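**Q** This is input.txt (compact mmCIF, C-alpha atoms).
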```txt
# COMPACT_ATOMS: atom_id res chain seq x y z
CA MET A 8 142.13 109.95 190.11
CA ASN A 9 139.22 108.59 192.07
CA LEU A 10 138.25 105.77 189.71
CA LEU A 11 141.64 104.07 190.00
CA HIS A 12 141.71 104.71 193.73
CA SER A 13 138.25 103.16 194.06
CA LEU A 14 139.32 100.06 192.15
CA ARG A 15 142.34 99.64 194.39
CA ILE A 16 140.10 99.86 197.45
CA VAL A 17 137.84 97.17 195.94
CA CYS A 18 140.87 94.91 195.44
CA PHE A 19 141.91 95.50 199.05
CA ILE A 20 138.42 94.69 200.32
CA LEU A 21 138.41 91.40 198.42
CA GLY A 22 141.43 90.48 200.48
CA ILE A 23 142.10 86.91 199.31
CA SER A 24 144.58 85.32 196.96
CA CYS A 25 143.57 85.13 193.32
CA PHE A 26 144.78 81.54 193.25
CA ALA A 27 141.70 80.34 195.14
CA GLY A 28 139.17 79.02 192.67
CA CYS A 29 136.47 76.41 192.22
CA ASN A 30 134.33 74.69 189.63
CA HIS A 31 130.65 75.08 190.35
CA GLN A 32 128.03 74.39 187.70
CA THR A 33 124.69 76.18 187.97
CA GLY A 34 122.07 74.76 185.66
CA GLU A 35 119.85 77.82 186.02
CA ASN A 36 122.06 80.02 183.90
CA GLU A 37 124.50 77.41 182.55
CA SER A 38 127.44 79.24 184.06
CA THR A 39 130.54 77.81 185.69
CA LEU A 40 132.21 79.62 188.56
CA LEU A 41 135.96 79.63 187.89
CA PHE A 42 137.29 81.98 190.57
CA GLN A 43 135.52 83.21 193.68
CA GLN A 44 137.36 86.52 193.41
CA GLY A 45 138.91 88.21 190.40
CA CYS A 46 138.21 90.63 187.58
CA TYR A 47 139.13 91.47 183.97
CA PRO A 48 139.45 87.85 182.74
CA PHE A 49 141.18 87.04 179.46
CA ALA A 50 141.99 83.73 177.74
CA CYS A 51 143.32 82.61 174.37
CA LEU A 52 143.39 79.14 172.80
CA GLU A 53 146.72 78.08 171.30
CA ASP A 54 147.69 74.58 170.13
CA GLY A 55 144.89 72.95 172.11
CA SER A 56 145.64 74.72 175.41
CA TYR A 57 144.05 77.74 177.04
CA TYR A 58 146.23 80.47 178.51
CA PHE A 59 144.43 82.67 180.99
CA THR A 60 145.19 85.79 182.99
CA MET A 61 143.19 88.26 185.06
CA GLN A 62 143.53 91.13 187.48
CA CYS A 63 144.31 89.41 190.77
CA PRO A 64 142.63 90.50 194.01
CA SER A 65 146.03 90.38 195.70
CA GLY A 66 147.01 93.33 193.50
CA ASP A 67 150.03 94.49 191.48
CA THR A 68 150.76 90.94 190.26
CA ILE A 69 150.19 89.26 186.90
CA ALA A 70 149.88 85.47 186.79
CA ILE A 71 149.22 83.12 183.86
CA TRP A 72 147.27 79.86 184.01
CA LYS A 73 147.38 77.00 181.50
CA THR A 74 144.70 74.33 181.08
CA ASP A 75 143.19 72.04 178.44
CA GLU A 76 139.67 72.86 179.60
CA LEU A 77 138.55 76.24 180.91
CA GLU A 78 136.16 74.57 183.36
CA HIS A 79 139.22 73.26 185.24
CA LEU A 80 141.16 76.49 185.00
CA ALA A 81 141.63 77.06 188.73
CA GLN A 82 143.39 73.70 189.07
CA GLY A 83 145.65 74.31 186.07
CA GLU A 84 149.35 75.09 185.97
CA HIS A 85 150.11 78.70 186.80
CA ARG A 86 153.07 81.06 187.13
CA THR A 87 153.68 84.63 188.24
CA VAL A 88 155.10 86.79 185.44
CA ILE A 89 155.46 90.24 186.97
CA THR A 90 155.19 91.85 190.38
CA SER A 91 155.43 95.43 191.55
CA ARG A 92 158.63 94.72 193.47
CA GLU A 93 160.44 93.34 190.42
CA SER A 94 159.16 95.87 187.89
CA GLY A 95 159.04 99.06 189.95
CA LEU A 96 155.50 99.61 188.65
CA GLU A 97 152.30 100.00 190.65
CA HIS A 98 148.58 99.61 189.89
CA ILE A 99 149.36 96.69 187.56
CA TRP A 100 145.90 95.91 186.22
CA ALA A 101 143.83 94.45 183.36
CA PRO A 102 146.40 92.06 181.78
CA GLU A 103 145.90 90.22 178.50
CA LEU A 104 148.08 87.56 176.84
CA HIS A 105 148.22 87.40 173.03
CA ARG A 106 150.32 85.33 170.65
CA ILE A 107 151.27 87.34 167.56
CA ASP A 108 153.50 85.92 164.82
CA GLY A 109 154.82 83.24 167.15
CA VAL A 110 155.69 85.61 170.02
CA TRP A 111 153.77 85.97 173.28
CA TYR A 112 152.83 89.52 174.29
CA LEU A 113 151.51 90.47 177.70
CA TYR A 114 149.57 93.76 177.69
CA PHE A 115 148.59 95.57 180.88
CA GLU A 116 148.17 99.00 182.48
CA ALA A 117 150.34 100.44 185.26
CA ASP A 118 152.04 103.56 186.61
CA ASN A 119 154.90 104.67 188.86
CA GLY A 120 152.69 105.17 191.90
CA ASN A 121 151.20 108.44 190.64
CA THR A 122 148.03 107.52 188.74
CA ASP A 123 148.44 110.57 186.52
CA THR A 124 151.25 108.55 184.89
CA HIS A 125 149.02 105.53 184.20
CA GLN A 126 149.95 104.03 180.80
CA LEU A 127 149.67 100.93 178.65
CA TYR A 128 152.60 98.50 178.84
CA VAL A 129 153.66 95.38 176.97
CA MET A 130 156.11 92.56 177.66
CA ALA A 131 157.30 89.93 175.16
CA CYS A 132 158.28 86.25 175.40
CA SER A 133 159.77 84.53 172.34
CA ASP A 134 159.76 81.11 173.99
CA GLU A 135 157.27 78.58 172.63
CA ASP A 136 155.95 77.98 176.15
CA PRO A 137 154.93 81.16 178.05
CA MET A 138 154.74 79.12 181.25
CA LYS A 139 158.52 78.70 181.19
CA GLY A 140 159.96 81.43 178.97
CA LYS A 141 161.22 84.82 180.12
CA PHE A 142 159.07 87.89 179.55
CA GLU A 143 161.04 91.02 178.74
CA MET A 144 159.67 94.53 179.12
CA LYS A 145 159.13 96.37 175.83
CA GLY A 146 157.97 99.49 177.68
CA ALA A 147 155.01 101.86 177.56
CA ILE A 148 152.97 102.12 174.36
CA LYS A 149 152.78 105.66 173.00
CA THR A 150 149.12 106.51 172.42
CA SER A 151 149.10 110.30 172.73
CA GLU A 152 151.79 112.95 172.39
CA GLU A 153 149.94 115.37 174.69
CA TRP A 154 149.32 113.00 177.60
CA ASN A 155 149.98 109.28 177.38
CA PHE A 156 147.31 108.17 179.86
CA GLY A 157 145.70 104.78 179.09
CA LEU A 158 143.59 101.96 180.54
CA HIS A 159 142.65 98.41 179.55
CA PRO A 160 144.67 97.59 176.41
CA THR A 161 143.64 94.87 173.97
CA VAL A 162 144.70 94.03 170.41
CA LEU A 163 143.07 92.41 167.40
CA GLN A 164 144.48 91.44 164.02
CA VAL A 165 142.12 92.08 161.10
CA ASN A 166 143.19 91.37 157.51
CA ARG A 167 146.85 91.20 158.59
CA GLN A 168 146.68 94.61 160.29
CA LEU A 169 147.12 94.75 164.06
CA TYR A 170 144.97 97.25 165.98
CA LEU A 171 145.21 98.51 169.55
CA PHE A 172 142.04 99.30 171.50
CA TRP A 173 142.00 100.96 174.91
CA SER A 174 140.20 103.34 177.23
CA GLY A 175 141.48 106.86 177.80
CA TRP A 176 140.57 110.48 178.34
CA PRO A 177 140.20 113.12 175.62
CA LYS A 178 142.21 115.48 177.83
CA ARG A 179 143.28 115.89 181.43
CA ARG A 180 140.47 115.95 183.95
CA ALA A 181 139.10 119.35 184.93
CA GLU A 182 135.82 119.09 186.85
CA THR A 183 134.64 115.78 185.43
CA GLU A 184 136.32 112.62 184.15
CA THR A 185 135.29 111.02 180.87
CA GLN A 186 136.67 107.66 179.78
CA CYS A 187 136.36 106.85 176.08
CA ILE A 188 137.19 103.96 173.74
CA TYR A 189 140.05 104.54 171.28
CA ILE A 190 141.67 102.63 168.41
CA ALA A 191 145.02 102.95 166.62
CA ARG A 192 146.85 100.93 163.97
CA MET A 193 150.05 99.24 165.09
CA GLU A 194 153.40 99.07 163.33
CA ASN A 195 154.33 96.15 165.58
CA PRO A 196 152.89 94.75 168.83
CA TRP A 197 154.52 97.49 170.93
CA THR A 198 154.34 100.55 168.63
CA THR A 199 151.33 102.44 167.25
CA SER A 200 151.52 103.69 163.66
CA SER A 201 148.56 106.09 163.60
CA GLU A 202 146.98 108.78 165.70
CA ARG A 203 144.45 107.60 168.24
CA VAL A 204 140.85 107.67 166.99
CA LEU A 205 137.84 108.10 169.26
CA LEU A 206 135.31 105.28 168.74
CA SER A 207 132.92 105.76 171.66
CA GLN A 208 132.29 108.19 174.49
CA PRO A 209 129.65 108.03 177.25
CA GLU A 210 126.59 109.62 175.68
CA TYR A 211 123.58 107.53 176.71
CA GLU A 212 122.09 107.65 180.18
CA TRP A 213 123.07 104.01 180.84
CA GLU A 214 126.72 104.97 180.16
CA ARG A 215 126.81 107.95 182.52
CA GLN A 216 125.74 106.55 185.90
CA TRP A 217 128.13 107.28 188.76
CA ILE A 218 125.95 107.68 191.86
CA ASN A 219 124.56 104.62 193.65
CA PRO A 220 121.04 104.60 195.15
CA ASP A 221 122.58 104.70 198.65
CA GLY A 222 124.56 107.82 197.73
CA ASN A 223 127.89 106.05 197.26
CA ARG A 224 129.77 107.88 194.53
CA SER A 225 133.12 109.07 193.30
CA ALA A 226 134.39 112.45 194.47
CA TYR A 227 133.38 114.07 191.17
CA PRO A 228 131.36 112.99 188.10
CA ILE A 229 132.99 110.15 186.17
CA TYR A 230 131.38 108.99 182.94
CA VAL A 231 132.70 105.67 181.73
CA ASN A 232 133.35 103.67 178.58
CA GLU A 233 136.15 101.25 179.46
CA ASN A 234 137.67 97.81 179.08
CA PRO A 235 137.10 97.24 175.34
CA GLN A 236 137.18 93.65 174.10
CA ALA A 237 137.54 93.22 170.33
CA PHE A 238 136.67 90.02 168.46
CA LEU A 239 135.58 88.79 165.04
CA SER A 240 132.35 87.07 164.02
CA PRO A 241 132.77 83.35 163.20
CA ASP A 242 132.78 84.12 159.45
CA GLY A 243 135.30 86.94 159.91
CA ARG A 244 133.05 89.49 158.23
CA ARG A 245 132.32 91.67 161.27
CA VAL A 246 134.36 93.19 164.07
CA PHE A 247 132.80 93.71 167.48
CA VAL A 248 134.03 95.72 170.44
CA CYS A 249 132.19 95.13 173.69
CA TYR A 250 132.90 97.53 176.54
CA SER A 251 131.83 98.29 180.10
CA ALA A 252 129.75 101.41 180.68
CA SER A 253 129.02 103.47 183.82
CA GLY A 254 131.11 103.41 186.97
CA ILE A 255 132.51 100.02 187.99
CA TRP A 256 131.90 101.08 191.61
CA SER A 257 128.20 101.60 190.88
CA VAL A 258 125.32 99.13 190.59
CA TYR A 259 124.67 100.31 187.04
CA THR A 260 127.62 98.72 185.20
CA SER A 261 126.38 97.60 181.78
CA LEU A 262 127.79 96.02 178.63
CA GLY A 263 127.81 98.10 175.45
CA MET A 264 128.86 97.17 171.91
CA LEU A 265 130.34 98.68 168.75
CA SER A 266 130.38 96.88 165.39
CA ALA A 267 131.98 97.37 161.98
CA SER A 268 132.61 95.49 158.75
CA SER A 269 136.02 93.80 158.80
CA THR A 270 136.70 95.19 155.30
CA SER A 271 136.08 98.81 156.36
CA ASP A 272 138.62 101.34 157.56
CA LEU A 273 138.50 100.56 161.27
CA THR A 274 140.26 103.83 162.11
CA ASP A 275 137.37 105.77 160.55
CA PRO A 276 134.71 106.44 163.24
CA HIS A 277 132.03 106.38 160.54
CA SER A 278 132.78 102.68 159.95
CA TRP A 279 131.41 101.83 163.37
CA THR A 280 127.85 101.45 164.64
CA LYS A 281 127.19 101.88 168.33
CA ALA A 282 124.31 100.02 169.99
CA SER A 283 121.93 102.55 171.57
CA GLU A 284 120.89 100.07 174.26
CA PRO A 285 123.13 97.92 176.48
CA LEU A 286 123.60 94.28 175.54
CA ILE A 287 123.42 93.33 179.20
CA SER A 288 122.12 95.46 182.06
CA PRO A 289 122.35 94.75 185.79
CA ASP A 290 119.65 92.38 187.07
CA SER A 291 117.29 94.44 189.20
CA VAL A 292 116.36 91.37 191.29
CA THR A 293 119.73 89.76 192.00
CA GLY A 294 121.83 92.89 191.59
CA ILE A 295 124.30 90.94 189.45
CA ALA A 296 126.05 92.89 186.71
CA ILE A 297 128.00 91.25 183.88
CA SER A 298 130.94 93.17 182.48
CA ASN A 299 134.54 92.85 181.34
CA ILE A 300 134.09 89.94 178.95
CA CYS A 301 136.30 87.72 176.80
CA VAL A 302 135.03 85.69 173.84
CA VAL A 303 136.96 82.47 173.17
CA PRO A 304 136.29 79.27 171.15
CA SER A 305 135.73 75.92 172.82
CA SER A 306 138.62 73.46 172.49
CA ASP A 307 136.64 71.28 170.05
CA GLY A 308 135.63 74.25 167.92
CA GLN A 309 131.94 73.48 168.31
CA GLN A 310 131.02 76.32 170.65
CA THR A 311 131.88 79.87 171.55
CA LEU A 312 132.51 80.51 175.23
CA LEU A 313 132.04 83.70 177.20
CA LEU A 314 134.40 84.49 180.05
CA TYR A 315 133.05 87.32 182.16
CA GLU A 316 133.15 89.16 185.42
CA ALA A 317 130.00 88.85 187.53
CA LYS A 318 129.75 91.72 190.00
CA GLN A 319 127.42 91.64 192.97
CA ARG A 320 127.11 93.73 196.12
CA ASN A 321 126.09 92.33 199.50
CA GLU A 322 126.35 93.30 203.17
CA GLN A 323 130.08 92.43 203.16
CA GLY A 324 130.77 94.71 200.20
CA GLU A 325 131.33 94.01 196.54
CA ILE A 326 132.04 90.55 195.12
CA ARG A 327 133.61 90.18 191.67
CA GLN A 328 133.72 86.61 190.36
CA ILE A 329 135.10 85.04 187.18
CA ARG A 330 132.52 82.89 185.39
CA LEU A 331 132.20 80.96 182.15
CA ARG A 332 129.18 80.16 180.01
CA PRO A 333 128.40 79.23 176.38
CA MET A 334 127.20 81.94 174.00
CA GLY A 335 125.71 81.97 170.51
CA TRP A 336 125.48 84.04 167.37
CA THR A 337 122.51 85.52 165.53
CA ALA A 338 121.74 84.76 161.88
CA GLU A 339 123.37 88.10 161.05
CA GLY A 340 126.60 87.03 162.78
CA ALA A 341 126.21 89.18 165.90
CA PRO A 342 127.00 87.83 169.40
CA ARG A 343 124.03 86.54 171.38
CA PHE A 344 124.76 86.48 175.11
```
Show me this structure written as structure tokens.
**A**
Amino acid sequence: MNLLHSLRIVCFILGISCFAGCNHQTGENESTLLFQQGCYPFACLEDGSYYFTMQCPSGDTIAIWKTDELEHLAQGEHRTVITSRESGLEHIWAPELHRIDGVWYLYFEADNGNTDTHQLYVMACSDEDPMKGKFEMKGAIKTSEEWNFGLHPTVLQVNRQLYLFWSGWPKRRAETETQCIYIARMENPWTTSSERVLLSQPEYEWERQWINPDGNRSAYPIYVNENPQAFLSPDGRRVFVCYSASGIWSVYTSLGMLSASSTSDLTDPHSWTKASEPLISPDSVTGIAISNICVVPSSDGQQTLLLYEAKQRNEQGEIRQIRLRPMGWTAEGAPRF
């Protein structure tokens, strides 16, 4: 599975601890650099504190940070929750921490060393404080009877119904690999209660780029929709799913978006509208691509903040940073990045 192998190589190249961070304000684009290296950032605001996790460059480790202000995240309290040695799992990537009905749930993807067994996993912590409580493994989430492959899990509660979103394949790879965005209803935070439903597949040219200008490519064509992030508009009337499109190893990584009414049947593909153009495309001058986002409110409730991965390639290789910036909303209630 060349995509996963490529990502692991990227993590190896980064080669520094994910605990190294800084706070650097750049007035030009109003962004704050939180971590010099890292990817797939996620944060939630609970009882006045932010809880943050990401895919660490050191690999196969999930850590949680706690802070009152995201700008000072790197200096905040942190703990390691799971490692490969303790869990017996490998390729532990793309974690997210959610609090659902008073219980903390840690979602992530992993496998047993063979990437064909890559699945979605969840752990639970009933303690009030996830920085001290014990996380217990609930196991793999069943998403497909035929082949339970999955990437990048996230959940969203809409009108008291919990939904799981993730990236997966329609079927086992033959000569090409196609990653799509799926949704399923959940019976509880670790069990799906419906069949998976395809929401988006790579169909536009900007979603199907896998060869770099210098010829760098995967071993076979890989068309990508991955890392869905679901969130509600401020008035709760619309559901948005932003996702990364085209190969993460390429210079063409873009940000796509799906939208639906929060009162519609979210497991009906016809409820969703897919943007025909990317929300954010790579900057042709700087080479910076923005992907893998997380939308979170400011602690005072006056702003919406955008956590994101900024990816740039230089002579040393690829750099993936975690940054923060404010974002807005259009008059129609759509995100404005």
**Q** Report as a VMD selection string all protein, DNA and RNA residues lying within 12 Å of stretch 280-289 of chain A, evaluated on all atoms listed in the file, omitting residues in the same chain fewer than 6 positions from it.
**A** chain A and resid 188 206 to 214 232 245 to 253 255 257 to 268 271 273 295 to 300 315 317 to 320 341 to 344
**Q** Have a look at atom CA of A:Val165 and atom CA of A:Leu205 and let me know their distance in Å, one decimal.
**A**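 Separation between atom CA of A:Val165 and atom CA of A:Leu205: 18.5 Å.
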**Q** From the list A:Phe115, A:Trp217, A:Phe49, A:Trp197, which residue is nearest A:Thr68 when using only C-alpha atoms?
**A** A:Phe115
**Q** Calculate how many Å separate atom CA of A:Ser225 from atom CA of A:Glu184, rounding to one decimal.
**A**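 That distance, rounded to one decimal, is 10.3 Å.
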**Q** Point out the residue among A:Asp134, A:Val231, A:His105, A:Phe142 with the least atom-to-atom distance to A:Leu169, counting only C-alpha atoms.
**A**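 Smallest separation from A:Leu169 among the options: A:His105.
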**Q** Closest to A:Glu152 among A:Gln323, A:Tyr230, A:Arg244, A:Thr199, using all atoms listed in the file?
**A**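 Closest residue, counting all atoms listed in the file: A:Thr199.
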**Q** Could you jot down the atom CA of A:Gln43 to atom CA of A:Glu316 separation for me, Å, one decimal place?
**A**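 Atom CA of A:Glu316 lies 10.5 Å from atom CA of A:Gln43.
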**Q** Box for stretch 163-173 of chain A: with edges along x, y and z, all listed atoms inside and 8 Å added on each side, what are the centre and edge lengths in Å to one decimal, as JSON?
**A**
```
{"center_x": 144.6, "center_y": 96.1, "center_z": 166.2, "size_x": 21.1, "size_y": 25.8, "size_z": 33.4}
```
**Q** Counting only C-alpha atoms, figure out which residue out of A:Leu312, A:Leu331, A:Ile107, A:Cys63 gets nearest to A:Gln164.
**A** A:Ile107
**Q** Here is a test: counting only C-alpha atoms, which residue of A:Gly95, A:Pro102, A:Gly294, A:Pro228 is nearest to A:Gln62?
**A**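 For A:Gln62, the nearest of the candidates is A:Pro102.
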**Q** Here is a test: counting all atoms listed in the file, which residue of A:Pro177, A:Pro235, A:Gly109, A:Gly308 is nearest to A:Asn155?
**A** A:Pro177
**Q** If we count only C-alpha atoms, what is near A:Met193 at a cut-off of 12 Å, once residues fewer than 4 positions away on the same chain are taken out, given as a list of chain:residue names?
**A**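 Using only C-alpha atoms, the neighbours found are A:Ile148, A:Lys149, A:Thr150, A:Thr161, A:Val162, A:Leu163, A:Gln164, A:Val165, A:Arg167, A:Gln168, A:Leu169, A:Tyr170, A:Leu171, A:Phe172, A:Trp197, A:Thr198, A:Thr199, A:Ser200, A:Ser201, A:Glu202, A:Arg203, A:Thr274.
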**Q** Any idea what's packed within 8 Å of A:Ala50, counting all atoms listed in the file, ignoring anything in its chain fewer than 2 positions away? Could you give it as a count of residues only?
**A** 11
**Q** Keeping N, CA, C and O atoms (and nothing else), can you write stretch 291-305 of chain A of this structure as a tab-separated table (two decimals), in the first residue's frame?
**A**
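Generated file (part.tsv):
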```tsv
chain	number	residue	atom	x	y	z
A	291	SER	N	1.10	28.67	-5.89
A	291	SER	CA	2.07	28.39	-6.94
A	291	SER	C	3.39	29.13	-6.73
A	291	SER	O	4.42	28.75	-7.29
A	292	VAL	N	3.39	30.18	-5.89
A	292	VAL	CA	4.60	30.95	-5.64
A	292	VAL	C	5.39	30.36	-4.47
A	292	VAL	O	6.58	30.06	-4.58
A	293	THR	N	4.72	30.15	-3.35
A	293	THR	CA	5.41	29.65	-2.16
A	293	THR	C	5.47	28.13	-2.11
A	293	THR	O	6.30	27.56	-1.40
A	294	GLY	N	4.56	27.48	-2.85
A	294	GLY	CA	4.51	26.02	-2.80
A	294	GLY	C	3.82	25.48	-1.56
A	294	GLY	O	3.79	24.28	-1.33
A	295	ILE	N	3.23	26.37	-0.74
A	295	ILE	CA	2.58	25.94	0.49
A	295	ILE	C	1.18	25.42	0.18
A	295	ILE	O	0.40	26.05	-0.53
A	296	ALA	N	0.87	24.26	0.73
A	296	ALA	CA	-0.46	23.68	0.59
A	296	ALA	C	-1.10	23.60	1.98
A	296	ALA	O	-0.42	23.29	2.96
A	297	ILE	N	-2.37	23.91	2.07
A	297	ILE	CA	-3.10	23.83	3.33
A	297	ILE	C	-4.06	22.65	3.24
A	297	ILE	O	-4.86	22.54	2.32
A	298	SER	N	-3.97	21.74	4.20
A	298	SER	CA	-4.85	20.59	4.21
A	298	SER	C	-5.03	20.10	5.63
A	298	SER	O	-4.44	20.63	6.57
A	299	ASN	N	-5.87	19.09	5.80
A	299	ASN	CA	-6.04	18.44	7.09
A	299	ASN	C	-6.38	19.46	8.18
A	299	ASN	O	-5.59	19.75	9.08
A	300	ILE	N	-7.60	19.99	8.12
A	300	ILE	CA	-7.99	21.11	8.97
A	300	ILE	C	-8.81	20.65	10.17
A	300	ILE	O	-9.29	19.52	10.23
A	301	CYS	N	-8.98	21.58	11.12
A	301	CYS	CA	-9.89	21.39	12.25
A	301	CYS	C	-10.47	22.75	12.59
A	301	CYS	O	-9.74	23.73	12.78
A	302	VAL	N	-11.79	22.84	12.65
A	302	VAL	CA	-12.49	24.08	12.97
A	302	VAL	C	-12.90	24.04	14.44
A	302	VAL	O	-13.54	23.09	14.89
A	303	VAL	N	-12.52	25.08	15.20
A	303	VAL	CA	-12.76	25.09	16.64
A	303	VAL	C	-13.08	26.51	17.10
A	303	VAL	O	-12.54	27.47	16.54
A	304	PRO	N	-13.98	26.70	18.06
A	304	PRO	CA	-14.30	28.05	18.53
A	304	PRO	C	-13.18	28.64	19.39
A	304	PRO	O	-12.43	27.89	20.02
A	305	SER	N	-13.09	29.96	19.41
A	305	SER	CA	-12.16	30.61	20.33
A	305	SER	C	-12.71	30.45	21.75
A	305	SER	O	-13.90	30.23	21.96
```
